[in-house]
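Student: Quick one: the structure is below, questions incoming.
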Amino acid sequence: MKVLIVDDESDIRRIARLALARLGGCEVVEAASGREALEQARSARPDVILLDVMMPGQDGPATLEALRADGQTTAIPVVFLTAKAMPSEITRLTALGAAGVLTKPFDPRTLAEQVRARVAS
Amino acid sequence: MSAGWDAALAELRAEYLAEAPGRLTRGNEALARLAGGQPEAAADLRRVFHGFAGSGRTYGFGRVSELGLEGEALADQWPPADEDGGLARAAQLLALLGQDLGGGAAPERPPDGPCAEREAGAGQPWPAPAPGQWSAGEVLVVEDDPAALQALCVALDHEGYAVRAARSLACATAELGRGLPDALVADVILPDGEVFGLVERLRERPDTEDLPVLLQSVQACCSGMPASPRACSRSRTTPSRRPSCAGCSNRPATPSAGVPSRPRWKRPWRTSSPTSC
């Protein structure tokens with residue numbers, strides 16, 4: 001499984017990469033912004049995008065909207081990563097068309113398993 | 001879990017800790033701008049707290065996430081009803097994050113012993129600092145009012161001083177025992193007594209007899225200050241806009257008063273857990 005990690009925080013990208021690659025056996029590509037995510041999604045063709053909600057500039061929901069509007073990326077499942085664990089926020093993000101929502105802070109040991117479960121569901 | 005995983009995670013934690021001071025500095029800078037009347041800095045402060053909220057527990061620092069979440073919520077609703085209180089709390093949160101992430105702390109390591117544990121030494125001469133504990137451009141601020149403490153810390157930090165803070169005589173004594181600052185800024189009346197005794201003891205020690213001391217008092221009259229010129233380098237009334245009387249200096253310490261004009265280095269605030277003091 002190829003995963004595109006999108007987060008403006010480098011420490012989150014690093015540990016997510018480690019967790020997904022080392023424990024989950026995933027191939028990982030990274031993007032530090034919504035704009036970069038669109039480029040990477042088109043060029044790397046990931047199987048799933050792990051997308052941070054709160055980013056400066058183009059945030060997660062806006063990035064998802066752009067992904068859905070692009071014929072090359074419209075079908076890629078997106079799993080949001082958010083620090084807001086409230087049920088209302090999770091419902092809102094799911095309603096946008098995300099395959100799932102994971103909350104930060106996350107457990108790196110189970111991250112790959114959780115991403116796979118969201119995509120499978 | 002494989003040993004390889006543990007080693008890789010430990011490496012990432014080390015990187016995380018190494019980057020923490022830079023993040024805290026950005027937080028302190030945003031806080032200084034907020035205190036300086038730039039409300040747009042709340043967004044920058046929020047980002048710093050948001051980063052810690054999302055990453056702390058992931059890296060094994062549980063309290064970092066909690067502190068980050070509180071800070072994020074605080075910055076999210078800026079300005080709070082009590083702006084001075086909000087600034088003070090934000091400063092405390094950054095200081096606590098610094099405690100948890102400073103100096104290569106191990107995950108979930110409790111902060112240094114609370115000041116209460118050191119209060120047994122209150123009123124007693126503090127131990128001589130170990131060689132190398134001297135630091136340049138460092139000011140110890142002793143103030144029990146969180147808002148005033150925060151304002152002083154922000155102002156001094158903004159000027160480039162490294163700041164340590166204490167909220168009582170006992171904490172101040174403990175802080176002095178951990179290392180002598182280059183200058184002391186103290187409120188006169190503290191919860192556990194007046195600061196004059198502490199200053200007198202400073203003057204009795206050869207290594208601190210010339211330590212610059214700036215006393216602050218709400219009494220806008222010289223009568224509230226010790227007459228002895230040995231006692232303090234300067235005094236000022238708080239708040240500083242209060243009219244001064246003849247003979248009182250309302251100005252903060254200047255290089256001529258012995259306070260270093262520019263620090264030789266700067267570091268994020270290190271306070272002595274004001275909440276626990």
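Residue numbering restarts at 1 in every chain; chains get A, B, ... in the order shown in the structure tokens, and ligands count up from 1 in that same order.
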Write out as a list in words all residues of stretch 44-114 of chain A that DSSP puts in helix (DSSP H, G or I) for this structure's backbone.

Tutor: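 Restricting stretch 44-114 of chain A to helix (DSSP H, G or I) produces Ala44, Gly60, Pro61, Ala62, Thr63, Leu64, Glu65, Ala66, Leu67, Arg68, Ala69, Pro87, Ser88, Glu89, Ile90, Thr91, Arg92, Leu93, Thr94, Ala95, Leu111, Ala112, Glu113 and Gln114 of chain A.
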
Student: Can those selected residues be exported to a file as an mmCIF file, in the first residue's frame so that it contains N, CA, C and O atoms?

Tutor:
data_model
loop_
_atom_site.group_PDB
_atom_site.id
_atom_site.type_symbol
_atom_site.label_atom_id
_atom_site.label_comp_id
_atom_site.auth_asym_id
_atom_site.auth_seq_id
_atom_site.Cartn_x
_atom_site.Cartn_y
_atom_site.Cartn_z
ATOM 1 N N ALA A 44 2.378 10.585 -7.732
ATOM 2 C CA ALA A 44 2.728 9.338 -7.026
ATOM 3 C C ALA A 44 1.582 8.324 -7.040
ATOM 4 O O ALA A 44 1.812 7.135 -6.782
ATOM 5 N N GLY A 60 -7.159 20.876 5.272
ATOM 6 C CA GLY A 60 -7.525 19.522 4.866
ATOM 7 C C GLY A 60 -8.806 19.439 4.057
ATOM 8 O O GLY A 60 -8.818 18.860 2.951
ATOM 9 N N PRO A 61 -9.914 20.000 4.556
ATOM 10 C CA PRO A 61 -11.163 19.939 3.797
ATOM 11 C C PRO A 61 -11.047 20.571 2.407
ATOM 12 O O PRO A 61 -11.585 20.034 1.428
ATOM 13 N N ALA A 62 -10.345 21.698 2.316
ATOM 14 C CA ALA A 62 -10.183 22.338 1.002
ATOM 15 C C ALA A 62 -9.343 21.449 0.081
ATOM 16 O O ALA A 62 -9.598 21.377 -1.135
ATOM 17 N N THR A 63 -8.367 20.781 0.651
ATOM 18 C CA THR A 63 -7.530 19.880 -0.149
ATOM 19 C C THR A 63 -8.352 18.693 -0.645
ATOM 20 O O THR A 63 -8.233 18.271 -1.801
ATOM 21 N N LEU A 64 -9.212 18.182 0.220
ATOM 22 C CA LEU A 64 -10.071 17.062 -0.182
ATOM 23 C C LEU A 64 -10.983 17.481 -1.339
ATOM 24 O O LEU A 64 -11.165 16.737 -2.316
ATOM 25 N N GLU A 65 -11.505 18.684 -1.207
ATOM 26 C CA GLU A 65 -12.391 19.189 -2.260
ATOM 27 C C GLU A 65 -11.638 19.258 -3.595
ATOM 28 O O GLU A 65 -12.163 18.862 -4.649
ATOM 29 N N ALA A 66 -10.398 19.750 -3.523
ATOM 30 C CA ALA A 66 -9.584 19.852 -4.748
ATOM 31 C C ALA A 66 -9.249 18.466 -5.309
ATOM 32 O O ALA A 66 -9.238 18.269 -6.529
ATOM 33 N N LEU A 67 -8.998 17.540 -4.433
ATOM 34 C CA LEU A 67 -8.708 16.161 -4.876
ATOM 35 C C LEU A 67 -9.917 15.558 -5.577
ATOM 36 O O LEU A 67 -9.796 14.882 -6.608
ATOM 37 N N ARG A 68 -11.082 15.805 -5.024
ATOM 38 C CA ARG A 68 -12.308 15.243 -5.593
ATOM 39 C C ARG A 68 -12.648 15.894 -6.938
ATOM 40 O O ARG A 68 -13.306 15.285 -7.794
ATOM 41 N N ALA A 69 -12.210 17.121 -7.090
ATOM 42 C CA ALA A 69 -12.515 17.840 -8.330
ATOM 43 C C ALA A 69 -11.579 17.476 -9.472
ATOM 44 O O ALA A 69 -11.820 17.837 -10.628
ATOM 45 N N PRO A 87 -16.989 14.153 18.578
ATOM 46 C CA PRO A 87 -17.824 13.409 17.625
ATOM 47 C C PRO A 87 -18.381 14.303 16.520
ATOM 48 O O PRO A 87 -18.463 13.882 15.355
ATOM 49 N N SER A 88 -18.739 15.534 16.860
ATOM 50 C CA SER A 88 -19.310 16.429 15.845
ATOM 51 C C SER A 88 -18.286 16.717 14.743
ATOM 52 O O SER A 88 -18.637 16.801 13.555
ATOM 53 N N GLU A 89 -17.031 16.860 15.142
ATOM 54 C CA GLU A 89 -15.975 17.133 14.161
ATOM 55 C C GLU A 89 -15.761 15.902 13.267
ATOM 56 O O GLU A 89 -15.598 16.021 12.050
ATOM 57 N N ILE A 90 -15.780 14.743 13.892
ATOM 58 C CA ILE A 90 -15.578 13.506 13.117
ATOM 59 C C ILE A 90 -16.733 13.313 12.130
ATOM 60 O O ILE A 90 -16.538 12.949 10.965
ATOM 61 N N THR A 91 -17.941 13.596 12.588
ATOM 62 C CA THR A 91 -19.111 13.494 11.710
ATOM 63 C C THR A 91 -18.991 14.472 10.542
ATOM 64 O O THR A 91 -19.260 14.136 9.380
ATOM 65 N N ARG A 92 -18.560 15.697 10.864
ATOM 66 C CA ARG A 92 -18.422 16.729 9.825
ATOM 67 C C ARG A 92 -17.410 16.293 8.765
ATOM 68 O O ARG A 92 -17.664 16.406 7.563
ATOM 69 N N LEU A 93 -16.279 15.768 9.221
ATOM 70 C CA LEU A 93 -15.224 15.383 8.280
ATOM 71 C C LEU A 93 -15.639 14.167 7.442
ATOM 72 O O LEU A 93 -15.345 14.095 6.247
ATOM 73 N N THR A 94 -16.322 13.257 8.073
ATOM 74 C CA THR A 94 -16.784 12.074 7.340
ATOM 75 C C THR A 94 -17.791 12.483 6.264
ATOM 76 O O THR A 94 -17.788 11.951 5.143
ATOM 77 N N ALA A 95 -18.625 13.450 6.607
ATOM 78 C CA ALA A 95 -19.642 13.915 5.663
ATOM 79 C C ALA A 95 -19.027 14.573 4.435
ATOM 80 O O ALA A 95 -19.667 14.674 3.387
ATOM 81 N N LEU A 111 -0.887 2.698 13.803
ATOM 82 C CA LEU A 111 -1.321 3.619 12.747
ATOM 83 C C LEU A 111 -1.626 2.900 11.429
ATOM 84 O O LEU A 111 -2.696 3.099 10.838
ATOM 85 N N ALA A 112 -0.711 2.049 11.012
ATOM 86 C CA ALA A 112 -0.915 1.366 9.721
ATOM 87 C C ALA A 112 -2.188 0.526 9.750
ATOM 88 O O ALA A 112 -2.984 0.533 8.793
ATOM 89 N N GLU A 113 -2.354 -0.144 10.838
ATOM 90 C CA GLU A 113 -3.536 -1.009 11.004
ATOM 91 C C GLU A 113 -4.826 -0.144 10.942
ATOM 92 O O GLU A 113 -5.815 -0.536 10.301
ATOM 93 N N GLN A 114 -4.785 1.008 11.562
ATOM 94 C CA GLN A 114 -5.969 1.868 11.573
ATOM 95 C C GLN A 114 -6.250 2.437 10.190
ATOM 96 O O GLN A 114 -7.413 2.550 9.791
#

Student: Which residues of chain A have any atom within 10 Å of an atom in chain B when counting only C-alpha atoms, and what is the closest pair of atoms for each, with the distance in Å to one decimal? Order the rows by chain and rising number and write it as a Markdown table.

Tutor:
| residue | atom | partner | partner_atom | distance |
| --- | --- | --- | --- | --- |
| A:Asp8 | CA | B:Gly51 | CA | 9.4 |
| A:Glu9 | CA | B:Gly51 | CA | 6.8 |
| A:Ser10 | CA | B:Tyr16 | CA | 9.5 |
| A:Asp11 | CA | B:Tyr16 | CA | 6.6 |
| A:Ile12 | CA | B:Ser55 | CA | 6.3 |
| A:Arg14 | CA | B:Leu12 | CA | 7.5 |
| A:Ile15 | CA | B:Leu12 | CA | 7.0 |
| A:Ala16 | CA | B:Thr58 | CA | 9.4 |
| A:Leu18 | CA | B:Ala8 | CA | 7.8 |
| A:Ala19 | CA | B:Trp5 | CA | 8.7 |
| A:Arg22 | CA | B:Trp5 | CA | 7.2 |
| A:Leu23 | CA | B:Trp5 | CA | 7.8 |
| A:Met54 | CA | B:His50 | CA | 9.0 |
| A:Met55 | CA | B:Arg47 | CA | 9.1 |
| A:Pro56 | CA | B:Arg47 | CA | 9.0 |
| A:Leu81 | CA | B:Gly54 | CA | 9.6 |
| A:Thr82 | CA | B:Gly54 | CA | 8.1 |
| A:Ala83 | CA | B:Gly54 | CA | 5.7 |
| A:Lys84 | CA | B:Gly54 | CA | 9.3 |
| A:Thr103 | CA | B:Gly54 | CA | 8.5 |
| A:Lys104 | CA | B:Gly54 | CA | 4.9 |
| A:Pro105 | CA | B:Gly54 | CA | 4.7 |
| A:Phe106 | CA | B:Thr58 | CA | 5.4 |
| A:Asp107 | CA | B:Thr58 | CA | 5.7 |
| A:Pro108 | CA | B:Thr58 | CA | 6.6 |
| A:Arg109 | CA | B:Met1 | CA | 8.6 |

Student: Residues within 8 Å of stretch 20-32 of chain B, please, as a ChimeraX atom specification. Count only C-alpha atoms; anything in the same chain fewer than 4 positions from it doesn't count.

Tutor: /B:16,36,41-42,44-45,48-49,87,90-91,94,97-98,101-102,154-155,157-158,267-269

Student: If you run DSSP on this backbone, which residues of stretch 143-182 of chain B come out as strand (DSSP E), and could you give them as a list of chain:residue names?

Tutor: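 Filtering stretch 143-182 of chain B to strand (DSSP E) leaves B:Ala162, B:Val163, B:Arg164, B:Ala165, B:Ala166.
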